[in-house]
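> Just one file: work.cif, with mmCIF, C-alpha atoms.
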```cif
data_data
#
loop_
_atom_site.group_PDB
_atom_site.id
_atom_site.type_symbol
_atom_site.label_atom_id
_atom_site.label_comp_id
_atom_site.auth_asym_id
_atom_site.auth_seq_id
_atom_site.Cartn_x
_atom_site.Cartn_y
_atom_site.Cartn_z
ATOM 1 C CA MET A 1 5.092 -40.384 -54.855
ATOM 2 C CA HIS A 2 7.359 -37.334 -54.944
ATOM 3 C CA THR A 3 6.014 -33.829 -55.454
ATOM 4 C CA MET A 4 6.850 -31.960 -58.644
ATOM 5 C CA HIS A 5 9.011 -28.897 -58.001
ATOM 6 C CA ILE A 6 8.782 -27.704 -61.628
ATOM 7 C CA LYS A 7 5.754 -25.865 -63.047
ATOM 8 C CA LYS A 8 4.667 -24.857 -66.552
ATOM 9 C CA GLY A 9 6.399 -21.615 -67.600
ATOM 10 C CA ASP A 10 9.467 -22.098 -65.368
ATOM 11 C CA THR A 11 12.945 -21.585 -66.776
ATOM 12 C CA VAL A 12 15.059 -24.693 -66.207
ATOM 13 C CA THR A 13 18.579 -25.861 -66.979
ATOM 14 C CA ILE A 14 19.338 -29.392 -68.161
ATOM 15 C CA ILE A 15 21.833 -31.129 -65.835
ATOM 16 C CA SER A 16 22.390 -34.410 -67.702
ATOM 17 C CA GLY A 17 22.039 -35.972 -71.128
ATOM 18 C CA LYS A 18 22.787 -34.669 -74.621
ATOM 19 C CA GLU A 19 21.355 -31.196 -73.837
ATOM 20 C CA LYS A 20 23.434 -30.756 -70.630
ATOM 21 C CA GLY A 21 24.091 -27.107 -69.746
ATOM 22 C CA ARG A 22 21.336 -25.596 -71.918
ATOM 23 C CA THR A 23 18.383 -23.655 -70.510
ATOM 24 C CA GLY A 24 14.814 -23.403 -71.709
ATOM 25 C CA LYS A 25 11.209 -22.779 -70.750
ATOM 26 C CA VAL A 26 8.923 -25.607 -69.564
ATOM 27 C CA LEU A 27 6.005 -26.086 -71.985
ATOM 28 C CA ILE A 28 4.248 -29.121 -70.478
ATOM 29 C CA VAL A 29 4.472 -30.959 -67.140
ATOM 30 C CA ILE A 30 3.510 -34.663 -67.162
ATOM 31 C CA LYS A 31 2.893 -35.308 -63.447
ATOM 32 C CA ASP A 32 2.047 -39.022 -63.512
ATOM 33 C CA LYS A 33 5.285 -39.878 -65.367
ATOM 34 C CA HIS A 34 7.477 -37.236 -63.603
ATOM 35 C CA ARG A 35 8.538 -35.728 -66.935
ATOM 36 C CA VAL A 36 8.662 -32.248 -68.474
ATOM 37 C CA ILE A 37 8.801 -30.968 -72.043
ATOM 38 C CA VAL A 38 11.240 -28.074 -72.434
ATOM 39 C CA GLU A 39 11.098 -25.647 -75.362
ATOM 40 C CA LYS A 40 13.493 -26.645 -78.218
ATOM 41 C CA MET A 41 15.211 -29.347 -76.090
ATOM 42 C CA ASN A 42 15.486 -33.115 -76.721
ATOM 43 C CA MET A 43 14.182 -32.794 -80.287
ATOM 44 C CA VAL A 44 12.931 -36.103 -81.724
ATOM 45 C CA LYS A 45 11.717 -37.056 -85.194
ATOM 46 C CA LYS A 46 8.190 -38.492 -85.405
ATOM 47 C CA HIS A 47 6.849 -40.218 -88.511
ATOM 48 C CA GLN A 48 3.307 -38.900 -88.947
ATOM 49 C CA LYS A 49 0.639 -40.364 -91.222
ATOM 50 C CA PRO A 50 -1.313 -37.924 -93.386
ATOM 51 C CA ASP A 51 -4.555 -36.794 -91.745
ATOM 52 C CA ALA A 52 -7.692 -35.209 -93.252
ATOM 53 C CA MET A 53 -5.693 -32.059 -94.059
ATOM 54 C CA GLY A 54 -3.168 -34.131 -96.040
ATOM 55 C CA LYS A 55 -0.185 -33.212 -93.836
ATOM 56 C CA GLY A 56 2.186 -36.090 -93.222
ATOM 57 C CA GLY A 57 5.885 -36.938 -93.217
ATOM 58 C CA ILE A 58 8.636 -36.611 -90.656
ATOM 59 C CA VAL A 59 7.835 -34.058 -87.953
ATOM 60 C CA GLU A 60 10.389 -32.760 -85.449
ATOM 61 C CA LYS A 61 9.058 -32.070 -81.944
ATOM 62 C CA GLU A 62 10.229 -31.829 -78.345
ATOM 63 C CA GLY A 63 10.653 -35.066 -76.398
ATOM 64 C CA SER A 64 10.065 -35.347 -72.669
ATOM 65 C CA ILE A 65 12.878 -35.169 -70.083
ATOM 66 C CA HIS A 66 12.722 -36.740 -66.624
ATOM 67 C CA VAL A 67 12.261 -34.130 -63.899
ATOM 68 C CA SER A 68 15.406 -35.362 -62.084
ATOM 69 C CA ASN A 69 17.479 -34.187 -65.063
ATOM 70 C CA VAL A 70 16.401 -30.518 -64.841
ATOM 71 C CA MET A 71 16.995 -27.780 -62.264
ATOM 72 C CA LEU A 72 14.996 -24.631 -61.716
ATOM 73 C CA VAL A 73 16.873 -21.435 -62.628
ATOM 74 C CA CYS A 74 16.852 -18.612 -60.047
ATOM 75 C CA ASN A 75 16.512 -15.126 -61.587
ATOM 76 C CA LYS A 76 18.882 -13.588 -59.013
ATOM 77 C CA CYS A 77 21.577 -16.343 -58.995
ATOM 78 C CA ASN A 78 21.112 -16.948 -62.759
ATOM 79 C CA THR A 79 22.029 -20.644 -62.301
ATOM 80 C CA GLY A 80 20.269 -23.925 -61.598
ATOM 81 C CA VAL A 81 19.436 -24.092 -57.889
ATOM 82 C CA LYS A 82 17.863 -26.393 -55.345
ATOM 83 C CA ILE A 83 14.620 -25.113 -53.865
ATOM 84 C CA GLU A 84 12.754 -25.262 -50.588
ATOM 85 C CA HIS A 85 9.094 -24.655 -49.832
ATOM 86 C CA LYS A 86 7.950 -21.995 -47.362
ATOM 87 C CA VAL A 87 4.533 -20.868 -46.160
ATOM 88 C CA LEU A 88 4.155 -17.080 -46.038
ATOM 89 C CA GLU A 89 2.244 -15.139 -43.363
ATOM 90 C CA ASN A 90 -0.837 -14.917 -45.617
ATOM 91 C CA GLY A 91 -0.890 -18.745 -45.961
ATOM 92 C CA ASN A 92 0.500 -18.998 -49.518
ATOM 93 C CA LYS A 93 3.012 -21.785 -50.167
ATOM 94 C CA VAL A 94 5.956 -20.590 -52.298
ATOM 95 C CA ARG A 95 9.214 -21.975 -53.714
ATOM 96 C CA VAL A 96 12.387 -20.316 -52.403
ATOM 97 C CA CYS A 97 15.967 -20.488 -53.738
ATOM 98 C CA LYS A 98 18.246 -22.254 -51.227
ATOM 99 C CA LYS A 99 21.278 -20.114 -52.212
ATOM 100 C CA CYS A 100 19.957 -16.553 -52.035
ATOM 101 C CA LYS A 101 16.540 -17.046 -50.320
ATOM 102 C CA GLU A 102 14.777 -15.309 -53.258
ATOM 103 C CA ILE A 103 11.087 -16.203 -53.722
ATOM 104 C CA LEU A 104 10.722 -17.941 -57.103
ATOM 105 C CA ASP A 105 6.915 -17.798 -57.413
ATOM 106 C CA GLU A 106 5.247 -14.591 -58.570
#
```
Produce structure tokens that represent the structure in this file.


Amino acid sequence: MHTMHIKKGDTVTIISGKEKGRTGKVLIVIKDKHRVIVEKMNMVKKHQKPDAMGKGGIVEKEGSIHVSNVMLVCNKCNTGVKIEHKVLENGNKVRVCKKCKEILDE
């Protein structure tokens, strides 16, 4: 099983599909299915039955996107980049941009 290189709160760019070229913030990471939900991307309509509150009808919400179709955005490069993992002197493992060698984790 591959490791997930995307975390909740990351800014990503979509590299394929109907939302190609758009960027957004990751809201949810679904590790077992290798999918992410990106804010205001891949909007789908869901038919919802009324619950105890009485709210029902057609609800629009974000659909999941496979992690292979998104790229992490580097703050310095300002584009989607490949990443590598490095272990710092203090033992912390961080993600690093392959283009500019900027550390992507805070």

> Using only C-alpha atoms, determine which residues lie at most 12 Å from Cys97 (chain A), disregarding the query and same-chain residues fewer than 4 positions distant; provide the list as JSON, numbers by chain.

{"A": [5, 71, 72, 73, 74, 75, 76, 77, 78, 79, 80, 81, 82, 83, 84, 85, 86, 101, 102, 103, 104, 105]}

> Taking the file as I've supplied it (selection: the PyMOL selection byres ((chain A and resi 30-36) around 9)), which residues are included? Please answer as a ChimeraX atom specification.

/A:2-4,6-8,26-29,37-38,63-68,70

> Can you pull out every residue within 9 Å of Lys40 (chain A), counting only C-alpha atoms, but drop anything in the same chain fewer than 2 positions away, and send it as JSON, numbers by chain?

{"A": [24, 25, 37, 38, 42, 43, 61, 62]}

> Would you compute the distance between CA of Val96 (chain A) and CA of Gly9 (chain A)? Give it in Å to one decimal.

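Between CA of Val96 (chain A) and CA of Gly9 (chain A) the gap works out to 16.4 Å.
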
> Report the distance between CA of Val94 (chain A) and CA of Val12 (chain A) in Å, rounded to one decimal place.

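About the pair CA of Val94 (chain A) and CA of Val12 (chain A): they are 17.1 Å apart.
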
> Using only C-alpha atoms, which protein or nucleic acid residues come within 9 Å of Arg22 (chain A)? Drop anything in the same chain fewer than 6 positions from it, and give the result as JSON, numbers by chain.

{"A": [12, 13, 14, 15, 41]}

> At a cut-off of 9 Å, using all atoms listed in the file, what residues contact Lys46 (chain A)? Leave out same-chain residues fewer than 5 positions from it and give the result as a VMD selection string.

chain A and resid 57 to 61

> Take the residues just selected and output them with C-alpha atoms as a JSON list (two decimals), keeping the file's coordinate frame.


```
[["chain", "number", "residue", "atom", "x", "y", "z"],
["A", 57, "GLY", "CA", 5.88, -36.94, -93.22],
["A", 58, "ILE", "CA", 8.64, -36.61, -90.66],
["A", 59, "VAL", "CA", 7.84, -34.06, -87.95],
["A", 60, "GLU", "CA", 10.39, -32.76, -85.45],
["A", 61, "LYS", "CA", 9.06, -32.07, -81.94]]
```

> For CA of Lys93 (chain A) and CA of Glu106 (chain A), determine how far apart the two atoms are, in Å to one decimal place.

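Atom-to-atom, CA of Lys93 (chain A) to CA of Glu106 (chain A), that is 11.3 Å.
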
> Identify which of the residues A:Lys20, A:Thr11, A:Pro50, A:Asn92 lies closest to Asn69 (chain A), counting all atoms listed in the file when measuring atom-to-atom distances.

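When distances to Asn69 (chain A) are compared using all atoms listed in the file, the smallest one comes from A:Lys20.
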